[in-house]
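Source file: target.csv (CSV, C-alpha atoms)
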```csv
chain,number,residue,atom,x,y,z
A,1,MET,CA,-23.0,3.8,1.7
A,2,ASN,CA,-23.8,2.0,-1.6
A,3,ILE,CA,-21.7,-0.9,-2.6
A,4,GLN,CA,-24.2,-2.2,-5.1
A,5,ASP,CA,-22.6,-3.0,-8.4
A,6,LYS,CA,-19.1,-1.8,-7.4
A,7,VAL,CA,-16.2,-3.8,-8.8
A,8,VAL,CA,-13.6,-4.8,-6.2
A,9,VAL,CA,-10.3,-6.6,-6.8
A,10,ILE,CA,-8.9,-8.5,-3.8
A,11,THR,CA,-5.4,-10.1,-3.7
A,12,GLY,CA,-4.9,-13.0,-1.3
A,13,GLY,CA,-8.6,-13.7,-1.8
A,14,SER,CA,-8.7,-17.5,-1.4
A,15,SER,CA,-8.7,-17.6,2.4
A,16,GLY,CA,-8.6,-15.5,5.6
A,17,ILE,CA,-9.3,-11.8,5.5
A,18,GLY,CA,-9.4,-11.7,1.7
A,19,LYS,CA,-12.1,-14.3,1.4
A,20,ALA,CA,-14.1,-12.9,4.3
A,21,ALA,CA,-14.0,-9.4,2.6
A,22,ALA,CA,-15.1,-10.9,-0.7
A,23,ILE,CA,-18.0,-12.7,0.9
A,24,GLU,CA,-19.2,-9.5,2.7
A,25,LEU,CA,-18.9,-7.3,-0.3
A,26,VAL,CA,-20.8,-9.7,-2.5
A,27,LYS,CA,-23.5,-9.8,0.2
A,28,GLN,CA,-23.7,-6.0,-0.1
A,29,GLY,CA,-24.1,-6.1,-3.9
A,30,ALA,CA,-20.5,-5.9,-5.2
A,31,ASN,CA,-18.8,-7.8,-7.9
A,32,VAL,CA,-15.4,-9.2,-6.9
A,33,VAL,CA,-12.3,-10.6,-8.6
A,34,ILE,CA,-10.0,-12.5,-6.3
A,35,ASN,CA,-6.4,-13.6,-6.7
A,36,GLY,CA,-4.3,-16.3,-5.0
A,37,ARG,CA,-1.5,-18.7,-5.9
A,38,ARG,CA,-3.5,-21.9,-5.9
A,39,GLU,CA,-6.2,-22.3,-8.4
A,40,GLN,CA,-8.2,-25.0,-6.6
A,41,ALA,CA,-8.3,-22.9,-3.5
A,42,LEU,CA,-9.6,-20.0,-5.6
A,43,VAL,CA,-12.3,-22.2,-7.1
A,44,ASP,CA,-13.4,-23.3,-3.7
A,45,ALA,CA,-13.4,-19.8,-2.4
A,46,ALA,CA,-15.3,-18.5,-5.4
A,47,ASN,CA,-18.0,-21.1,-4.8
A,48,GLU,CA,-18.3,-20.0,-1.2
A,49,ILE,CA,-18.3,-16.3,-2.1
A,50,ASP,CA,-21.1,-16.7,-4.7
A,51,SER,CA,-22.3,-20.2,-5.7
A,52,THR,CA,-24.0,-18.8,-8.8
A,53,GLY,CA,-20.7,-17.4,-10.1
A,54,ALA,CA,-22.5,-14.2,-11.3
A,55,HIS,CA,-20.6,-11.9,-9.0
A,56,VAL,CA,-17.2,-13.4,-8.6
A,57,ALA,CA,-14.2,-14.1,-10.9
A,58,TYR,CA,-10.7,-15.3,-10.1
A,59,VAL,CA,-7.1,-15.2,-11.5
A,60,ALA,CA,-4.6,-17.7,-10.1
A,61,GLY,CA,-0.9,-16.9,-9.8
A,62,ASP,CA,1.8,-15.0,-7.9
A,63,ILE,CA,0.7,-11.4,-7.7
A,64,SER,CA,4.4,-10.2,-7.9
A,65,ASP,CA,4.5,-11.5,-11.5
A,66,PRO,CA,3.7,-8.6,-13.8
A,67,GLN,CA,1.8,-10.9,-16.1
A,68,VAL,CA,-0.4,-12.1,-13.3
A,69,ALA,CA,-1.1,-8.5,-12.2
A,70,GLU,CA,-2.0,-7.7,-15.8
A,71,ARG,CA,-4.4,-10.6,-16.1
A,72,LEU,CA,-6.0,-9.8,-12.8
A,73,ILE,CA,-6.8,-6.2,-13.8
A,74,GLY,CA,-7.8,-7.4,-17.3
A,75,GLU,CA,-10.2,-9.9,-15.8
A,76,ALA,CA,-12.0,-7.2,-13.8
A,77,LEU,CA,-12.3,-5.0,-16.9
A,78,SER,CA,-13.5,-7.8,-19.2
A,79,ARG,CA,-15.9,-9.4,-16.8
A,80,PHE,CA,-17.3,-6.4,-15.0
A,81,GLY,CA,-16.3,-3.4,-17.0
A,82,ARG,CA,-14.2,-1.3,-14.5
A,83,ILE,CA,-12.4,-1.3,-11.2
A,84,ASP,CA,-13.8,0.7,-8.3
A,85,THR,CA,-11.7,-0.6,-5.5
A,86,LEU,CA,-8.5,-2.5,-5.0
A,87,VAL,CA,-7.8,-4.4,-1.7
A,88,ASN,CA,-4.1,-5.2,-1.4
A,89,ASN,CA,-4.5,-8.1,1.0
A,90,ALA,CA,-1.9,-10.6,-0.2
A,91,GLY,CA,1.0,-10.9,2.2
A,92,ILE,CA,3.2,-13.3,4.1
A,93,PHE,CA,4.6,-13.1,7.6
A,94,ILE,CA,7.8,-14.8,8.8
A,95,ALA,CA,8.8,-14.2,12.5
A,96,LYS,CA,12.5,-14.9,13.2
A,97,PRO,CA,15.4,-13.3,15.0
A,98,PHE,CA,17.0,-10.9,12.5
A,99,THR,CA,20.2,-12.9,12.0
A,100,ASP,CA,18.2,-16.1,11.3
A,101,TYR,CA,16.5,-14.8,8.2
A,102,THR,CA,17.7,-16.4,5.0
A,103,GLU,CA,18.1,-14.8,1.5
A,104,ALA,CA,15.0,-16.9,0.5
A,105,ASP,CA,13.0,-15.4,3.4
A,106,PHE,CA,14.0,-11.9,2.3
A,107,GLU,CA,13.2,-12.4,-1.3
A,108,SER,CA,9.9,-14.2,-0.6
A,109,VAL,CA,8.6,-11.5,1.8
A,110,LEU,CA,9.6,-8.6,-0.4
A,111,SER,CA,8.2,-10.3,-3.5
A,112,ILE,CA,4.7,-10.7,-2.1
A,113,ASN,CA,4.4,-7.9,0.3
A,114,MET,CA,6.0,-5.2,-1.8
A,115,ALA,CA,6.4,-6.2,-5.4
A,116,GLY,CA,2.9,-7.7,-5.5
A,117,PHE,CA,1.5,-4.4,-4.2
A,118,PHE,CA,3.5,-2.4,-6.8
A,119,GLN,CA,2.5,-4.5,-9.8
A,120,VAL,CA,-1.2,-4.6,-9.2
A,121,THR,CA,-1.6,-1.1,-7.7
A,122,GLN,CA,0.1,0.6,-10.6
A,123,ARG,CA,-2.2,-1.1,-13.1
A,124,ALA,CA,-5.3,-0.4,-11.0
A,125,VAL,CA,-4.4,3.3,-10.6
A,126,SER,CA,-4.0,3.6,-14.4
A,127,GLU,CA,-7.6,2.4,-14.9
A,128,MET,CA,-8.9,4.5,-12.0
A,129,LEU,CA,-7.4,7.6,-13.5
A,130,LYS,CA,-9.3,7.0,-16.7
A,131,ALA,CA,-12.5,6.8,-14.7
A,132,GLY,CA,-11.7,9.7,-12.5
A,133,SER,CA,-12.4,7.8,-9.3
A,134,GLY,CA,-11.3,4.8,-7.3
A,135,HIS,CA,-10.3,3.5,-3.9
A,136,ILE,CA,-7.3,1.5,-2.7
A,137,VAL,CA,-7.2,-0.3,0.6
A,138,ASN,CA,-3.8,-1.7,1.8
A,139,ILE,CA,-3.8,-4.3,4.5
A,140,THR,CA,-0.7,-3.6,6.4
A,141,ALA,CA,0.1,-4.4,10.1
A,142,SER,CA,0.1,-2.7,13.5
A,143,GLY,CA,2.2,-4.2,16.2
A,144,THR,CA,5.0,-5.4,14.1
A,145,THR,CA,5.5,-2.0,12.3
A,146,GLU,CA,4.7,0.7,14.9
A,147,GLN,CA,4.9,-1.0,18.3
A,148,PRO,CA,7.3,-3.9,17.8
A,149,LEU,CA,7.0,-6.8,20.1
A,150,LYS,CA,10.1,-8.4,21.5
A,151,ALA,CA,8.3,-11.7,21.8
A,152,VAL,CA,7.6,-11.7,18.1
A,153,PRO,CA,10.8,-10.5,16.2
A,154,SER,CA,9.7,-9.7,12.6
A,155,VAL,CA,11.8,-7.1,11.0
A,156,LEU,CA,10.8,-8.2,7.5
A,157,ALA,CA,7.2,-7.4,8.3
A,158,ALA,CA,8.3,-4.1,9.7
A,159,LEU,CA,10.2,-3.4,6.5
A,160,THR,CA,7.5,-4.3,4.1
A,161,LYS,CA,4.2,-3.6,5.9
A,162,GLY,CA,5.7,-0.4,7.4
A,163,GLY,CA,6.7,0.6,3.9
A,164,LEU,CA,3.1,0.1,2.7
A,165,ASN,CA,1.9,2.4,5.5
A,166,ALA,CA,4.2,5.1,4.2
A,167,ALA,CA,3.2,4.3,0.6
A,168,THR,CA,-0.5,4.7,1.6
A,169,LYS,CA,0.0,8.3,2.6
A,170,SER,CA,2.3,9.1,-0.4
A,171,LEU,CA,-0.3,7.8,-2.9
A,172,ALA,CA,-3.2,9.4,-1.0
A,173,ILE,CA,-1.5,12.8,-1.5
A,174,GLU,CA,-0.4,12.2,-5.1
A,175,TYR,CA,-4.0,11.3,-6.2
A,176,ALA,CA,-6.2,13.3,-3.8
A,177,ASP,CA,-7.2,15.7,-6.5
A,178,LYS,CA,-7.8,12.9,-9.1
A,179,GLY,CA,-10.7,11.3,-7.3
A,180,ILE,CA,-8.7,8.3,-6.0
A,181,ARG,CA,-8.6,7.7,-2.3
A,182,VAL,CA,-5.9,5.5,-0.7
A,183,ASN,CA,-6.2,4.1,2.8
A,184,ALA,CA,-4.8,1.3,5.0
A,185,VAL,CA,-6.1,-1.1,7.6
A,186,ALA,CA,-3.4,-2.1,10.1
A,187,PRO,CA,-4.6,-5.2,11.8
A,188,GLY,CA,-3.4,-6.8,15.0
A,189,ILE,CA,-2.8,-10.5,15.0
A,190,THR,CA,-5.8,-12.0,13.4
A,191,LYS,CA,-7.3,-15.5,13.4
A,192,THR,CA,-6.5,-16.8,9.9
A,193,PRO,CA,-4.9,-19.9,8.5
A,194,MET,CA,-1.6,-18.1,8.9
A,195,HIS,CA,-1.6,-18.8,12.7
A,196,SER,CA,-2.1,-22.3,14.0
A,197,VAL,CA,-4.7,-22.9,16.7
A,198,GLU,CA,-2.1,-23.9,19.2
A,199,THR,CA,-0.6,-20.4,19.1
A,200,HIS,CA,-3.8,-18.5,19.7
A,201,ASP,CA,-3.6,-18.3,23.5
A,202,PHE,CA,-0.1,-16.8,23.3
A,203,LEU,CA,-1.0,-14.4,20.5
A,204,ALA,CA,-4.2,-13.2,22.2
A,205,LYS,CA,-2.1,-12.1,25.2
A,206,LEU,CA,-0.1,-9.7,23.0
A,207,HIS,CA,-3.1,-7.4,22.6
A,208,PRO,CA,-4.3,-5.1,25.4
A,209,MET,CA,-7.9,-6.3,24.8
A,210,SER,CA,-6.5,-9.9,25.5
A,211,ARG,CA,-7.9,-11.4,22.3
A,212,MET,CA,-6.9,-11.9,18.7
A,213,GLY,CA,-8.7,-10.1,15.9
A,214,GLU,CA,-11.3,-11.9,13.9
A,215,ALA,CA,-11.4,-11.6,10.1
A,216,GLN,CA,-14.8,-9.8,10.4
A,217,ASP,CA,-13.1,-7.1,12.5
A,218,ILE,CA,-10.9,-6.3,9.5
A,219,VAL,CA,-13.7,-6.6,7.0
A,220,ASP,CA,-15.8,-4.1,9.0
A,221,ALA,CA,-12.9,-1.6,8.7
A,222,ILE,CA,-12.6,-2.2,4.9
A,223,VAL,CA,-16.4,-1.6,4.5
A,224,TYR,CA,-16.2,1.6,6.7
A,225,LEU,CA,-13.3,3.0,4.6
A,226,GLU,CA,-15.2,2.2,1.4
A,227,SER,CA,-18.1,4.4,2.7
A,228,ALA,CA,-15.9,7.2,4.1
A,229,GLN,CA,-15.7,9.5,1.1
A,230,PHE,CA,-13.8,12.3,2.9
A,231,VAL,CA,-11.1,9.9,4.3
A,232,THR,CA,-7.9,9.4,2.5
A,233,GLY,CA,-4.3,8.7,3.7
A,234,GLU,CA,-5.7,7.0,6.8
A,235,ILE,CA,-4.1,4.1,8.6
A,236,LEU,CA,-6.9,2.6,10.5
A,237,HIS,CA,-5.6,0.4,13.4
A,238,VAL,CA,-7.8,-2.6,14.1
A,239,ASP,CA,-5.5,-4.2,16.6
A,240,GLY,CA,-7.1,-4.5,20.1
A,241,GLY,CA,-5.1,-1.5,21.3
A,242,GLN,CA,-1.6,-2.6,20.2
A,243,ASN,CA,-0.8,0.7,18.5
A,244,ALA,CA,-1.7,2.7,21.6
A,245,GLY,CA,1.3,1.4,23.5
A,246,GLN,CA,3.1,-1.6,24.9
A,247,TRP,CA,1.2,-4.3,26.8
```

For this file, produce the structure as structure tokens.
Amino acid sequence: MNIQDKVVVITGGSSGIGKAAAIELVKQGANVVINGRREQALVDAANEIDSTGAHVAYVAGDISDPQVAERLIGEALSRFGRIDTLVNNAGIFIAKPFTDYTEADFESVLSINMAGFFQVTQRAVSEMLKAGSGHIVNITASGTTEQPLKAVPSVLAALTKGGLNAATKSLAIEYADKGIRVNAVAPGITKTPMHSVETHDFLAKLHPMSRMGEAQDIVDAIVYLESAQFVTGEILHVDGGQNAGQW
């Protein structure tokens, strides 16, 4: 596989899986453009990803805002000349009993997990069609969508991340003959700032392998899919066995 000089756009790139993916891809020779809501967090992440600034750019703002999505794609084109890969990593997770969700919870989760995906992916695909090639990787979810856990009620994650799993296959078929591949990585519960340290022991026990995922586990899957030129429409479960069955 050759990642050298590829241009990769990553949403949710200021921390966790997104930042880890950006660091690894730059190490392998890629140029990355990251997005997140908080500008200072993006500045700090960009310095960690590439202290020289030569291979990283960033755009701050809510990715569900069409203007932010437009700026993000525009930054990739103006800074690096094209878009080879989009990693839709931005997402939020709220675990609550169904009747405890508020209208604000509903709007927030759908805004980031689905509207954000729509706005940036539509613009990225338009550019990929011009180039005749491209790759989209959606970061979805495993246990909450396909093997729900009674201990972690999270229907809004099932609604949105499960929807992205379905959209992955739909887009893969739509663009299979246009040189654009579309895949997903469905993580188990992964150690990121989303989960406080005091919850880790409980969350680890929800996986058959009895541990949480590490960000690098997900990054390895992204890198694999980037190299797998005959793979499209795949939902790659990196979940410590959650998708295989109840534990």

**Item:** Of the listed residues A:Ala244, A:Ala176, A:Leu129, A:Leu156, that which approaches Gly188 in chain A most closely, counting only C-alpha atoms
**Value:**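 Using only C-alpha atoms, the shortest distance to Gly188 in chain A belongs to A:Ala244.
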
**Request:** Identify which of the residues A:Ser111, A:Ser126, A:Ser154, A:Ser64 lies closest to Lys96 in chain A, counting only C-alpha atoms when measuring atom-to-atom distances.
**Result:** A:Ser154

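Rounded to one decimal, CA of Ser142 in chain A and CA of Ala41 in chain A lie 27.7 Å from each other.
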
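Distances here use all atoms listed in the file; by that measure, the residue among A:Ala157, A:Leu203, A:Ala215, A:Ile136 closest to Glu234 in chain A is A:Ile136.
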
**Request:** Could you tell me which of A:Thr232, A:Leu25, A:Ile222, A:Ala141 comes closest to Tyr175 in chain A if we count only C-alpha atoms?
**Result:** A:Thr232

**Message:** List as a ChimeraX atom specification the protein and nucleic acid residues near Gly134 in chain A, meaning an atom at most 12 Å away when all atoms listed in the file are counted, but skip any in the same chain fewer than 6 places from it.
**Reply:** /A:6-9,82-87,121,124-128,172,175-183,226,229,232

**Request:** Pick out the closest residue to Asp50 in chain A from this set: A:Leu149, A:Val26, A:Leu72, A:Asp65. Count only C-alpha atoms.
**Result:**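 For Asp50 in chain A, the nearest of the candidates is A:Val26.
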
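Residue nearest Lys205 in chain A, chosen from A:Ser78, A:Gln242, A:Ser108, A:Thr168 and counting all atoms listed in the file: A:Gln242.
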
**Item:** Computed interatomic separation between CA of Pro208 in chain A and CA of Lys161 in chain A (Å)
**Value:**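 Computing it gives 21.3 Å between the two atoms.
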
**Item:** Point-to-point distance from CA of Phe106 in chain A to CA of Met194 in chain A, Å rounded to tenths
**Value:** 18.0 Å

**Request:** Kindly provide, as a PyMOL selection string, the polymer residues lying within 9 Å of (-20.3, 3.3, 2.8), counting all atoms listed in the file and using the coordinates exactly as they appear in the file.
**Result:** chain A and resi 1-3+223-229

Those same residues, written as a compact mmCIF listing (two decimals), in the frame of the given file with C-alpha atoms?
```
# COMPACT_ATOMS: atom_id res chain seq x y z
CA MET A 1 -23.00 3.80 1.70
CA ASN A 2 -23.80 2.00 -1.60
CA ILE A 3 -21.70 -0.90 -2.60
CA VAL A 223 -16.40 -1.60 4.50
CA TYR A 224 -16.20 1.60 6.70
CA LEU A 225 -13.30 3.00 4.60
CA GLU A 226 -15.20 2.20 1.40
CA SER A 227 -18.10 4.40 2.70
CA ALA A 228 -15.90 7.20 4.10
CA GLN A 229 -15.70 9.50 1.10
```

**Asked** How would you write as an MDAnalysis selection string the residues that get within 6 Å of (-2.5, 2.4, 8.7) in the file's frame, counting all atoms listed in the file?
**Response** chainID A and resid 165 184:186 234:237

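The list of residues with at least one atom within 7 Å of Ala95 in chain A, based on only C-alpha atoms and without residues fewer than 2 positions apart in the same chain, reads Phe93, Val152, Pro153 and Ser154 of chain A.
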